[in-house]
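Enquirer: Sharing entry-v4.txt, compact mmCIF, C-alpha atoms:
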```
# COMPACT_ATOMS: atom_id res chain seq x y z
CA MET A 265 269.82 197.46 126.57
CA SER A 266 266.55 195.54 126.27
CA PHE A 267 266.44 191.93 127.34
CA ARG A 268 263.95 189.08 127.11
CA ILE A 269 263.36 186.43 129.80
CA THR A 270 261.71 183.17 128.86
CA GLY A 271 260.52 180.18 130.81
CA LEU A 272 260.61 176.64 129.53
CA ASP A 273 258.36 175.41 126.74
CA ALA A 274 255.59 173.31 128.30
CA THR A 275 255.37 170.85 125.39
CA PRO A 276 257.88 168.22 126.64
CA PHE A 277 256.31 168.23 130.13
CA ILE A 278 252.63 167.91 129.17
CA PRO A 279 252.81 164.08 128.71
CA LEU A 280 253.85 163.83 132.38
CA PHE A 281 250.80 165.69 133.70
CA GLY A 282 248.34 163.32 135.33
CA LEU A 283 250.54 160.21 135.29
CA THR A 284 250.38 157.92 138.31
CA GLU A 285 253.13 158.02 140.92
CA GLN A 286 254.46 154.72 139.55
CA GLU A 287 254.48 155.98 135.94
CA LEU A 288 256.32 159.13 137.05
CA ALA A 289 258.83 157.09 139.08
CA GLU A 290 259.62 154.99 136.00
CA LYS A 291 260.63 158.25 134.30
CA GLY A 292 262.63 159.50 137.31
CA VAL A 293 260.02 162.15 138.18
CA LEU A 294 258.51 162.93 141.59
CA ARG A 295 255.22 164.69 142.35
CA TYR A 296 255.06 167.18 145.23
CA ARG A 297 252.14 169.04 146.73
CA VAL A 298 253.10 172.65 147.44
CA THR A 299 253.27 173.19 151.21
CA GLU A 300 254.83 176.64 151.47
CA PHE A 301 254.68 179.91 149.58
CA PRO A 302 257.00 181.02 148.20
CA GLY A 303 259.12 177.95 147.80
CA PHE A 304 258.14 175.99 144.71
CA PRO A 305 259.21 177.91 141.58
CA ASP A 306 257.62 176.85 138.30
CA ARG A 307 260.05 177.01 135.37
CA ILE A 308 257.37 177.24 132.68
CA GLU A 309 255.21 180.13 133.88
CA MET A 310 258.03 181.63 136.02
CA ARG A 311 256.03 181.98 139.22
CA ASP A 312 255.95 180.65 142.76
CA VAL A 313 253.11 178.15 142.85
CA PRO A 314 250.36 178.52 145.50
CA ILE A 315 249.94 176.09 148.39
CA GLY A 316 247.94 173.00 147.45
CA GLU A 317 248.90 172.80 143.77
CA THR A 318 251.11 169.99 142.50
CA MET A 319 254.62 170.21 141.11
CA LEU A 320 256.77 167.76 139.24
CA LEU A 321 260.44 167.49 140.18
CA LEU A 322 262.53 166.17 137.32
CA ASN A 323 265.93 166.34 135.73
CA HIS A 324 266.29 168.87 132.92
CA VAL A 325 269.07 169.65 130.43
CA SER A 326 269.44 173.42 130.78
CA GLN A 327 272.62 173.80 128.72
CA PRO A 328 272.51 171.40 125.76
CA ALA A 329 275.58 172.87 124.02
CA GLN A 330 278.27 170.35 123.23
CA SER A 331 280.83 172.15 125.36
CA PRO A 332 282.39 171.64 128.78
CA TYR A 333 279.42 173.67 130.13
CA TYR A 334 276.79 171.10 129.15
CA ALA A 335 274.48 171.07 132.19
CA ARG A 336 271.51 169.24 133.65
CA HIS A 337 269.94 169.52 137.06
CA ALA A 338 266.64 169.13 138.92
CA ILE A 339 263.83 171.63 138.30
CA PHE A 340 260.20 172.04 139.32
CA VAL A 341 257.38 172.47 136.83
CA CYS A 342 253.80 173.08 137.88
CA GLU A 343 251.58 170.21 136.88
CA GLY A 344 249.20 171.69 134.33
CA ALA A 345 251.30 174.76 133.44
CA THR A 346 251.03 175.55 129.73
CA GLN A 347 251.75 179.28 129.28
CA THR A 348 255.47 179.83 128.77
CA TYR A 349 256.64 183.04 130.41
CA ASP A 350 258.02 185.38 127.74
CA GLN A 351 258.49 189.04 128.66
CA THR A 352 260.76 191.85 127.55
CA ASP A 353 262.47 194.12 130.07
CA GLU A 354 260.69 192.51 133.03
CA VAL A 355 262.25 190.45 135.81
CA PRO A 356 259.60 188.08 137.23
CA ASP A 357 259.16 188.03 141.01
CA VAL A 358 260.24 184.38 141.09
CA MET A 359 263.69 185.53 139.95
CA ALA A 360 263.92 188.93 141.66
CA SER A 361 263.13 187.42 145.07
CA ARG A 362 266.05 184.96 144.96
CA LEU A 363 269.82 185.06 144.91
CA LEU A 364 270.63 183.90 141.40
CA SER A 365 273.80 182.84 139.66
CA PHE A 366 274.01 184.35 136.17
CA ARG A 367 276.16 182.72 133.49
CA GLY A 368 276.79 184.43 130.15
CA PHE A 369 277.49 182.13 127.19
CA ASN A 370 278.59 182.60 123.60
CA ALA A 371 276.93 180.87 120.62
CA ASP A 372 279.16 177.81 121.11
CA GLY A 373 278.07 177.33 124.73
CA MET A 374 281.29 178.63 126.27
CA MET A 375 280.93 180.75 129.40
CA HIS A 376 282.29 184.30 129.21
CA GLU A 377 280.70 185.89 132.29
CA GLY A 378 279.55 184.70 135.69
CA ASP A 379 278.27 186.43 138.83
CA VAL A 380 275.44 186.45 141.39
CA ALA A 381 272.74 189.01 142.13
CA LYS A 382 269.56 189.33 144.19
CA GLY A 383 266.73 191.74 143.58
CA GLU A 384 265.51 193.32 140.39
CA THR A 385 267.89 196.31 140.48
CA GLN A 386 271.03 194.19 140.90
CA GLN A 387 269.84 191.62 138.39
CA ARG A 388 269.06 194.24 135.73
CA ALA A 389 272.52 195.78 136.23
CA LEU A 390 274.18 192.38 135.90
CA ILE A 391 272.22 191.54 132.74
CA ALA A 392 273.24 194.88 131.20
CA ARG A 393 276.88 194.31 132.18
CA PHE A 394 276.92 190.82 130.66
CA PHE A 395 275.35 192.03 127.40
CA ASP A 396 277.93 194.84 127.21
CA ASN A 397 280.33 192.00 126.43
CA PRO A 398 279.85 191.26 122.70
CA ALA A 399 280.91 187.64 123.25
CA VAL A 400 277.80 186.96 125.36
CA ASP A 401 274.88 185.71 123.26
CA TYR A 402 272.59 184.55 126.08
CA ILE A 403 272.47 184.26 129.86
CA HIS A 404 271.27 181.41 132.03
CA ALA A 405 270.05 182.11 135.54
CA HIS A 406 270.22 179.46 138.26
CA ASN A 407 269.22 179.52 141.91
CA ALA A 408 272.52 180.16 143.66
CA GLY A 409 271.76 177.87 146.61
CA HIS A 410 270.25 174.75 145.08
CA GLY A 411 271.61 175.22 141.57
CA CYS A 412 268.26 174.75 139.81
CA TYR A 413 267.91 176.36 136.39
CA SER A 414 265.73 179.45 136.61
CA GLY A 415 265.42 180.92 133.11
CA CYS A 416 267.04 182.10 129.90
CA ILE A 417 267.81 185.73 129.13
CA SER A 418 268.51 186.97 125.63
CA ARG A 419 268.90 190.32 123.95
CA ALA A 420 265.55 191.77 122.87
```
What's the structure tokens form of this structure?
Expert:
Amino acid sequence: MSFRITGLDATPFIPLFGLTEQELAEKGVLRYRVTEFPGFPDRIEMRDVPIGETMLLLNHVSQPAQSPYYARHAIFVCEGATQTYDQTDEVPDVMASRLLSFRGFNADGMMHEGDVAKGETQQRALIARFFDNPAVDYIHAHNAGHGCYSGCISRA
């Protein structure tokens, strides 16, 4: 079964790019300079950001459904990222290289599947298994360790 992975839309983050440290702090956002690679995953372009670039750490609502699974957590976005990752049948390296928690939801935001996988082969198999369940409309991936939202997976 074909699937589509998308990063976050850059539009809501663009007004934060270039703000002073104080202006960011007033919005609950922190700026980091990337010091290790890999290690700072951008949620817009779905890539590990190179050393020296800047990232914004902020709180993000990843599951806006009005259900018990409503969720928000910290994420990184690369300051200046504008190209939303959107690919069919491809698992980006930023996901394949990490142990991820996958959560399959129905249209009402209720979870029907949940499991973890690392590596493209395991992740593809898990995505296929989740979408074999007709109740699953979309899948959210989160870093298993820190819990940060990674990306959204839908049927293609």
Enquirer: Nearest to Phe267 of chain A: which of A:Lys382, A:Arg393, A:Arg295, A:His410 is it, counting all atoms listed in the file?
Expert: A:Arg393
Enquirer: Could you tell me which of A:Pro332, A:Pro398, A:Gly303, A:Gly316 comes closest to Gly368 of chain A if we count all atoms listed in the file?
Expert: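 Ranked by minimum distance to Gly368 of chain A, first place goes to A:Pro398.
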Enquirer: Neighbouring residues of Pro276 of chain A were defined as those with any atom within 12 Å, considering only C-alpha atoms; residues of the same chain fewer than 6 positions away were excluded. Please report them as a list in words.
Expert: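 Selected residues are Ile308, Leu322, His324, Val325, Val341, Ala345 and Thr346 of chain A.
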Enquirer: Restricting the calculation to only C-alpha atoms, which member of A:Ala405, A:Asp379, A:Ile278, A:Cys412 is positioned closest to Asn323 of chain A?
Expert: A:Cys412
Enquirer: Could you list, as a list in words, every residue within 8 Å of Pro356 of chain A, counting only C-alpha atoms and ignoring same-chain residues fewer than 3 positions away?
Expert: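 Once the nearby chain positions are removed, what remains is Met310, Arg311, Met359 and Ala360 of chain A.
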Enquirer: For a cutoff of 8 Å around the file-coordinate point (280.8, 177.2, 124.0), which residues qualify once you count all atoms listed in the file? I'd like the result as a list in words.
Expert: Ala329, Gln330, Ser331, Pro332, Tyr333, Phe369, Asn370, Ala371, Asp372, Gly373, Met374 and Met375 of chain A
Enquirer: Measuring between only C-alpha atoms, which one of A:Arg419, A:His404, A:His376, A:Arg307 shows the shortest distance to Ala338 of chain A?
Expert: A:Arg307
Enquirer: Looking at all atoms listed in the file, which of A:Met265, A:Val298, A:Ala289, A:Val358 is the one that sits closest to Ala389 of chain A?
Expert: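 Using all atoms listed in the file, the shortest distance to Ala389 of chain A belongs to A:Met265.
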Enquirer: Which residues, written as a list in words, have at least one atom at most 10 Å from Phe366 of chain A, with all atoms listed in the file counted and residues fewer than 2 positions away on the same chain left out?
Expert: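 Here the answer would be Leu363, Leu364, Gly368, Phe369, Glu377, Gly378, Asp379, Val380, Ala381, Gln387, Leu390, Ile391, Phe394, Ile403, His404, Ala405, His406, Asn407, Ala408, Ser414, Gly415, Cys416 and Ile417 of chain A.
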Enquirer: Give the answer as one residue: which of A:Gln347, A:Ser266, A:Asn397, A:Thr284 has the shortest atom-to-atom distance to Leu320 of chain A, using only C-alpha atoms?
Expert: A:Thr284
Enquirer: Could you state the separation of atom CA of Glu300 of chain A and atom CA of Thr348 of chain A in Å, given to one decimal place?
Expert: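 Between atom CA of Glu300 of chain A and atom CA of Thr348 of chain A the gap works out to 22.9 Å.
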Enquirer: Could you please determine the separation between atom CA of Phe301 of chain A and atom CA of Arg336 of chain A in Å, to one decimal place?
Expert: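 Straight-line distance from atom CA of Phe301 of chain A to atom CA of Arg336 of chain A works out to 25.5 Å.
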Enquirer: Skipping near chain neighbours, those fewer than 6 positions away, what residues fall within 10 Å of Thr299 of chain A using all atoms listed in the file, listed as a ChimeraX atom specification?
Expert: /A:313-318
Enquirer: Find the residues around Ile269 of chain A up to 8 Å (only C-alpha atoms counted), leave out those fewer than 5 positions away in its own chain, and share them as an mmCIF file with C-alpha atoms, keeping the file's coordinate frame.
Expert:
```cif
data_model
loop_
_atom_site.group_PDB
_atom_site.id
_atom_site.type_symbol
_atom_site.label_atom_id
_atom_site.label_comp_id
_atom_site.auth_asym_id
_atom_site.auth_seq_id
_atom_site.Cartn_x
_atom_site.Cartn_y
_atom_site.Cartn_z
ATOM 1 C CA TYR A 349 256.640 183.040 130.410
ATOM 2 C CA ASP A 350 258.020 185.380 127.740
ATOM 3 C CA GLN A 351 258.490 189.040 128.660
ATOM 4 C CA THR A 352 260.760 191.850 127.550
ATOM 5 C CA ASP A 353 262.470 194.120 130.070
ATOM 6 C CA GLU A 354 260.690 192.510 133.030
ATOM 7 C CA VAL A 355 262.250 190.450 135.810
ATOM 8 C CA GLY A 415 265.420 180.920 133.110
ATOM 9 C CA CYS A 416 267.040 182.100 129.900
ATOM 10 C CA ILE A 417 267.810 185.730 129.130
ATOM 11 C CA SER A 418 268.510 186.970 125.630
#
```
Enquirer: In Å, rounded to a single decimal, give me how far atom CA of Leu321 of chain A is from atom CA of Gly383 of chain A.
Expert: 25.3 Å
